[in-house]
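Visitor: target.cif (mmCIF, C-alpha atoms) pasted underneath:
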```
data_input
loop_
_atom_site.label_atom_id
_atom_site.label_comp_id
_atom_site.auth_asym_id
_atom_site.auth_seq_id
_atom_site.Cartn_x
_atom_site.Cartn_y
_atom_site.Cartn_z
CA MET X 165 4.04 19.08 -18.74
CA LYS X 166 1.07 17.51 -16.96
CA LYS X 167 1.12 18.24 -13.22
CA SER X 168 0.83 15.32 -10.81
CA ILE X 169 2.23 13.97 -7.60
CA CYS X 170 2.92 10.32 -8.33
CA VAL X 171 5.55 7.65 -8.11
CA GLU X 172 6.52 5.09 -10.71
CA LEU X 173 8.71 2.06 -10.18
CA VAL X 174 11.17 1.67 -13.03
CA ASP X 175 14.53 0.07 -13.64
CA VAL X 176 17.39 2.39 -12.71
CA HIS X 177 18.81 2.04 -16.23
CA TRP X 178 15.76 3.86 -17.63
CA LEU X 179 16.40 6.95 -15.52
CA LYS X 180 18.03 10.10 -16.79
CA PRO X 181 18.49 13.57 -15.28
CA VAL X 182 15.63 16.01 -15.66
CA PRO X 183 16.45 18.67 -18.28
CA ALA X 184 17.08 22.20 -16.99
CA GLU X 185 14.02 23.41 -18.95
CA THR X 186 11.79 21.01 -17.00
CA VAL X 187 13.26 22.12 -13.68
CA ALA X 188 12.63 25.76 -14.66
CA GLU X 189 9.06 24.90 -15.69
CA ILE X 190 8.41 23.23 -12.31
CA GLU X 191 9.91 26.16 -10.40
CA ARG X 192 7.85 28.64 -12.45
CA PHE X 193 4.66 26.63 -11.83
CA PHE X 194 5.29 26.55 -8.06
CA ALA X 195 6.02 30.30 -8.06
CA GLU X 196 2.70 30.94 -9.83
CA HIS X 197 0.76 28.42 -7.70
CA PRO X 198 1.98 28.55 -4.08
CA ASP X 199 -0.91 26.32 -2.95
CA TYR X 200 0.45 23.47 -5.10
CA LYS X 201 3.96 24.14 -3.77
CA GLN X 202 2.66 23.87 -0.22
CA LYS X 203 0.78 20.64 -1.04
CA PHE X 204 3.95 19.22 -2.59
CA ASP X 205 6.12 20.26 0.35
CA LEU X 206 3.70 18.77 2.90
CA ALA X 207 3.10 15.52 1.01
CA GLU X 208 4.42 12.35 2.64
CA ASN X 209 7.55 11.25 0.90
CA ARG X 210 6.15 7.75 0.56
CA PRO X 211 4.63 6.10 -2.48
CA ALA X 212 1.15 4.67 -2.31
CA PRO X 213 1.19 1.09 -1.08
CA THR X 214 0.74 -1.99 -3.17
CA ILE X 215 -2.44 -3.60 -1.89
CA CYS X 216 -3.32 -7.28 -1.95
CA ASN X 217 -7.09 -7.75 -1.55
CA ILE X 218 -8.43 -10.86 0.12
CA TRP X 219 -12.21 -11.29 0.24
CA LEU X 220 -13.43 -12.83 3.51
CA ASN X 221 -16.67 -14.00 5.09
CA LEU X 222 -16.36 -13.43 8.85
CA THR X 223 -18.66 -13.15 11.82
CA ASP X 224 -18.19 -10.14 14.11
CA ALA X 225 -16.39 -12.36 16.64
CA GLU X 226 -14.04 -13.71 13.94
CA LYS X 227 -13.35 -10.17 12.72
CA ASN X 228 -12.47 -9.01 16.26
CA GLU X 229 -10.21 -12.03 16.78
CA LEU X 230 -8.45 -11.37 13.46
CA GLU X 231 -7.94 -7.70 14.34
CA ASN X 232 -6.32 -8.74 17.62
CA LYS X 233 -4.01 -11.16 15.82
CA ILE X 234 -3.10 -8.52 13.21
CA SER X 235 -1.69 -6.41 16.06
CA LEU X 236 0.79 -9.27 16.73
CA LEU X 237 2.30 -9.14 13.23
CA PRO X 238 5.95 -8.12 12.92
CA GLU X 239 6.93 -4.89 11.17
CA LYS X 240 7.44 -6.80 7.86
CA PHE X 241 5.82 -10.12 7.01
CA THR X 242 5.08 -12.42 4.08
CA ALA X 243 1.62 -13.72 3.17
CA ASP X 244 2.59 -17.13 4.58
CA ALA X 245 3.66 -15.52 7.86
CA PHE X 246 0.36 -13.62 7.96
CA PHE X 247 -1.65 -16.84 7.72
CA THR X 248 0.60 -18.62 10.23
CA ILE X 249 0.36 -15.84 12.83
CA THR X 250 -3.34 -15.08 12.41
CA HIS X 251 -4.46 -18.71 11.91
CA LEU X 252 -6.93 -17.38 9.36
CA SER X 253 -8.64 -20.36 7.78
CA LYS X 254 -8.59 -20.54 4.01
CA ASP X 255 -12.30 -21.46 4.35
CA HIS X 256 -12.98 -17.79 5.13
CA ILE X 257 -11.55 -16.70 1.77
CA GLN X 258 -14.29 -16.54 -0.84
CA GLU X 259 -15.26 -14.80 -4.04
CA PRO X 260 -17.17 -11.51 -3.65
CA PRO X 261 -19.67 -10.56 -2.48
CA THR X 262 -18.35 -11.16 1.04
CA SER X 263 -18.74 -9.61 4.46
CA HIS X 264 -15.19 -8.24 4.74
CA LEU X 265 -12.21 -7.18 2.67
CA LEU X 266 -8.72 -7.74 4.01
CA ASN X 267 -6.03 -5.46 2.57
CA LEU X 268 -2.38 -6.44 2.93
CA LEU X 269 -0.19 -3.36 2.40
CA GLY X 270 3.34 -3.39 1.05
CA ASN X 271 5.88 -1.74 -1.22
CA GLY X 272 6.38 -3.38 -4.59
CA TRP X 273 10.16 -3.52 -4.25
CA GLU X 274 10.35 -5.14 -0.80
CA VAL X 275 10.94 -8.90 -0.84
CA ASP X 276 12.56 -11.33 1.58
CA LYS X 277 15.58 -13.54 0.86
CA GLU X 278 13.30 -16.10 -0.86
CA LYS X 279 11.93 -13.31 -3.09
CA GLU X 280 8.55 -13.43 -1.31
CA PHE X 281 6.68 -10.14 -1.26
CA LEU X 282 6.89 -8.35 2.13
CA TYR X 283 3.93 -6.54 3.64
CA TYR X 284 4.05 -3.87 6.34
CA GLY X 285 0.38 -3.68 7.31
CA ALA X 286 -3.03 -5.30 7.22
CA GLU X 287 -6.47 -3.76 7.59
CA ILE X 288 -9.97 -5.19 7.53
CA ARG X 289 -12.93 -3.37 5.99
CA ASP X 290 -16.47 -4.37 6.93
CA LEU X 291 -18.45 -4.40 3.69
CA ARG X 292 -21.82 -4.83 5.40
CA ARG X 293 -21.92 -1.20 6.56
#
```
Do you think you could lay out the structure here as structure tokens?
Guide:
Amino acid sequence: MKKSICVELVDVHWLKPVPAETVAEIERFFAEHPDYKQKFDLAENRPAPTICNIWLNLTDAEKNELENKISLLPEKFTADAFFTITHLSKDHIQEPPTSHLLNLLGNGWEVDKEKEFLYYGAEIRDLRR
């Protein structure tokens, strides 16, 4: 068994109980490696986010304005809602290389009633520094 702390999204019909031998192997490994057990126990019980990258060319003033508008976003939002709330012009979206990278963060299984992907966060990275 290869050790890792990861999450995979799969259809529930593919799942099956872990064999007792595998459980024993995991317990034995943790007994022999308490540092890994501690890392596992302290790990956030949250999968890594799905990230949508949007390459932007912004001035410093535009970046600051966008950061202020990002703070107004609801807890969950669609890409359309993001652009409506932030008023980010599609003219700022360009192919790399660009000045900034906008990351929209979400969970792959969260969608709204129209089956639009839901995001829970947005962050801007300045690529000039």
Visitor: Suppose you want the space between atom CA of X:His177 and atom CA of X:Leu282; what is it in Å?
Guide: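 The value is 24.2 Å.
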Visitor: Check the smallest atom-to-atom distance from each of X:His251, X:Leu179, X:Ala243, X:Val187 to X:Cys216 using all atoms listed in the file, then report the winner.
Guide: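 Of X:His251, X:Leu179, X:Ala243, X:Val187, the one nearest X:Cys216, counting all atoms listed in the file, is X:Ala243.
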Visitor: With distances taken over all atoms listed in the file, which residue among X:Ala286, X:Leu220, X:Leu291, X:Ile190 lies nearest X:Ile257?
Guide: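 So, comparing all the options, the nearest one is X:Leu220.
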Visitor: Smallest atom-to-atom distance to X:Leu237: which of X:Val182, X:Val174, X:Ile249, X:Ala188, using only C-alpha atoms?
Guide: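 So, comparing all the options, the nearest one is X:Ile249.
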Visitor: Which one is closest to X:His256: X:Phe204, X:Tyr283, X:Trp219, X:Trp273? Count all atoms listed in the file.
Guide: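 Of all the options, X:Trp219 lies closest to X:His256.
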Visitor: Translate the PyMOL selection byres ((chain X and resi 239) around 9), as applied to the file shown, into an explicit residue set as a VMD selection string.
Guide: chain X and resid 237 to 238 240 to 241 283 to 285
Visitor: Point out the residue among X:Ser235, X:Thr214, X:Thr242, X:Ser253 with the least atom-to-atom distance to X:Asn267, counting all atoms listed in the file.
Guide: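 Closest to X:Asn267 of all the choices is X:Thr214.
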Visitor: One number please: atom CA of X:Lys203 to atom CA of X:Glu189, in Å, one decimal.
Guide: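 Separating atom CA of X:Lys203 from atom CA of X:Glu189 is a distance of 17.4 Å.
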Visitor: Skipping near chain neighbours, those fewer than 4 positions away, what residues fall within 12 Å of X:Arg293 using all atoms listed in the file, listed as a ChimeraX atom specification?
Guide: /X:262-264,289
Visitor: So which one's closest to X:Asn271, X:Lys227, X:Arg210, X:Lys233, X:Arg292? Using only C-alpha atoms, please.
Guide: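 Looking only at the distances to X:Asn271, the closest residue turns out to be X:Arg210.
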Visitor: Could you state the separation of atom CA of X:Glu231 and atom CA of X:Ile288 in Å, given to one decimal place?
Guide: 7.5 Å
Visitor: With 4 Å on each side, where is the centre of the axis-aligned box around all listed atoms of stretch 284-290 of chain X, and how long are its edges in Å to one decimal, as AutoDock Vina command-line options?
Guide:
```
--center_x -6.2 --center_y -4.3 --center_z 6.8 --size_x 28.5 --size_y 9.9 --size_z 9.6
```
Visitor: Please, can stretch 246-275 of chain X be completed to N, CA and C atoms and returned as a JSON list (two decimals), keeping the file's coordinate frame?
Guide:
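Printed below is result_2.json as written:
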```
[["chain", "number", "residue", "atom", "x", "y", "z"],
["X", 246, "PHE", "N", 1.65, -14.17, 7.55],
["X", 246, "PHE", "CA", 0.36, -13.62, 7.96],
["X", 246, "PHE", "C", -0.60, -14.74, 8.33],
["X", 247, "PHE", "N", -0.72, -15.74, 7.45],
["X", 247, "PHE", "CA", -1.65, -16.84, 7.72],
["X", 247, "PHE", "C", -1.20, -17.71, 8.89],
["X", 248, "THR", "N", 0.10, -17.86, 9.09],
["X", 248, "THR", "CA", 0.60, -18.62, 10.23],
["X", 248, "THR", "C", 0.30, -17.90, 11.54],
["X", 249, "ILE", "N", 0.55, -16.61, 11.59],
["X", 249, "ILE", "CA", 0.36, -15.84, 12.83],
["X", 249, "ILE", "C", -1.12, -15.65, 13.15],
["X", 250, "THR", "N", -1.92, -15.37, 12.15],
["X", 250, "THR", "CA", -3.34, -15.08, 12.41],
["X", 250, "THR", "C", -4.20, -16.34, 12.48],
["X", 251, "HIS", "N", -3.68, -17.46, 11.98],
["X", 251, "HIS", "CA", -4.46, -18.71, 11.91],
["X", 251, "HIS", "C", -5.76, -18.51, 11.14],
["X", 252, "LEU", "N", -5.74, -17.62, 10.17],
["X", 252, "LEU", "CA", -6.93, -17.38, 9.36],
["X", 252, "LEU", "C", -7.15, -18.60, 8.46],
["X", 253, "SER", "N", -8.32, -19.18, 8.57],
["X", 253, "SER", "CA", -8.64, -20.36, 7.78],
["X", 253, "SER", "C", -8.89, -19.98, 6.33],
["X", 254, "LYS", "N", -8.36, -20.78, 5.44],
["X", 254, "LYS", "CA", -8.59, -20.54, 4.01],
["X", 254, "LYS", "C", -10.08, -20.69, 3.67],
["X", 255, "ASP", "N", -10.86, -21.33, 4.57],
["X", 255, "ASP", "CA", -12.30, -21.46, 4.35],
["X", 255, "ASP", "C", -13.00, -20.11, 4.38],
["X", 256, "HIS", "N", -12.38, -19.13, 5.06],
["X", 256, "HIS", "CA", -12.98, -17.79, 5.13],
["X", 256, "HIS", "C", -12.80, -16.99, 3.84],
["X", 257, "ILE", "N", -11.84, -17.41, 3.02],
["X", 257, "ILE", "CA", -11.55, -16.70, 1.77],
["X", 257, "ILE", "C", -12.54, -17.16, 0.71],
["X", 258, "GLN", "N", -13.27, -16.21, 0.14],
["X", 258, "GLN", "CA", -14.29, -16.54, -0.84],
["X", 258, "GLN", "C", -14.34, -15.47, -1.92],
["X", 259, "GLU", "N", -15.04, -15.77, -2.97],
["X", 259, "GLU", "CA", -15.26, -14.80, -4.04],
["X", 259, "GLU", "C", -16.29, -13.76, -3.57],
["X", 260, "PRO", "N", -16.18, -12.51, -4.03],
["X", 260, "PRO", "CA", -17.17, -11.51, -3.65],
["X", 260, "PRO", "C", -18.54, -11.88, -4.24],
["X", 261, "PRO", "N", -19.60, -11.47, -3.63],
["X", 261, "PRO", "CA", -19.67, -10.56, -2.48],
["X", 261, "PRO", "C", -19.38, -11.29, -1.17],
["X", 262, "THR", "N", -18.69, -10.61, -0.27],
["X", 262, "THR", "CA", -18.35, -11.16, 1.04],
["X", 262, "THR", "C", -18.65, -10.12, 2.11],
["X", 263, "SER", "N", -18.46, -10.51, 3.35],
["X", 263, "SER", "CA", -18.74, -9.61, 4.46],
["X", 263, "SER", "C", -17.59, -8.63, 4.74],
["X", 264, "HIS", "N", -16.36, -9.06, 4.41],
["X", 264, "HIS", "CA", -15.19, -8.24, 4.74],
["X", 264, "HIS", "C", -14.16, -8.28, 3.61],
["X", 265, "LEU", "N", -13.33, -7.25, 3.60],
["X", 265, "LEU", "CA", -12.21, -7.18, 2.67],
["X", 265, "LEU", "C", -10.95, -6.96, 3.49],
["X", 266, "LEU", "N", -10.00, -7.87, 3.35],
["X", 266, "LEU", "CA", -8.72, -7.74, 4.01],
["X", 266, "LEU", "C", -7.73, -7.15, 3.02],
["X", 267, "ASN", "N", -7.07, -6.08, 3.41],
["X", 267, "ASN", "CA", -6.03, -5.46, 2.57],
["X", 267, "ASN", "C", -4.68, -5.69, 3.23],
["X", 268, "LEU", "N", -3.77, -6.33, 2.50],
["X", 268, "LEU", "CA", -2.38, -6.44, 2.93],
["X", 268, "LEU", "C", -1.60, -5.35, 2.20],
["X", 269, "LEU", "N", -0.87, -4.53, 2.94],
["X", 269, "LEU", "CA", -0.19, -3.36, 2.40],
["X", 269, "LEU", "C", 1.31, -3.59, 2.33],
["X", 270, "GLY", "N", 1.91, -3.23, 1.21],
["X", 270, "GLY", "CA", 3.34, -3.39, 1.05],
["X", 270, "GLY", "C", 3.90, -2.43, 0.02],
["X", 271, "ASN", "N", 5.20, -2.50, -0.17],
["X", 271, "ASN", "CA", 5.88, -1.74, -1.22],
["X", 271, "ASN", "C", 6.36, -2.74, -2.27],
["X", 272, "GLY", "N", 6.11, -2.45, -3.51],
["X", 272, "GLY", "CA", 6.38, -3.38, -4.59],
["X", 272, "GLY", "C", 7.81, -3.86, -4.70],
["X", 273, "TRP", "N", 8.75, -3.15, -4.12],
["X", 273, "TRP", "CA", 10.16, -3.52, -4.25],
["X", 273, "TRP", "C", 10.69, -4.28, -3.03],
["X", 274, "GLU", "N", 9.87, -4.47, -2.00],
["X", 274, "GLU", "CA", 10.35, -5.14, -0.80],
["X", 274, "GLU", "C", 10.03, -6.63, -0.83],
["X", 275, "VAL", "N", 11.08, -7.44, -0.85],
["X", 275, "VAL", "CA", 10.94, -8.90, -0.84],
["X", 275, "VAL", "C", 11.93, -9.46, 0.18]]
```
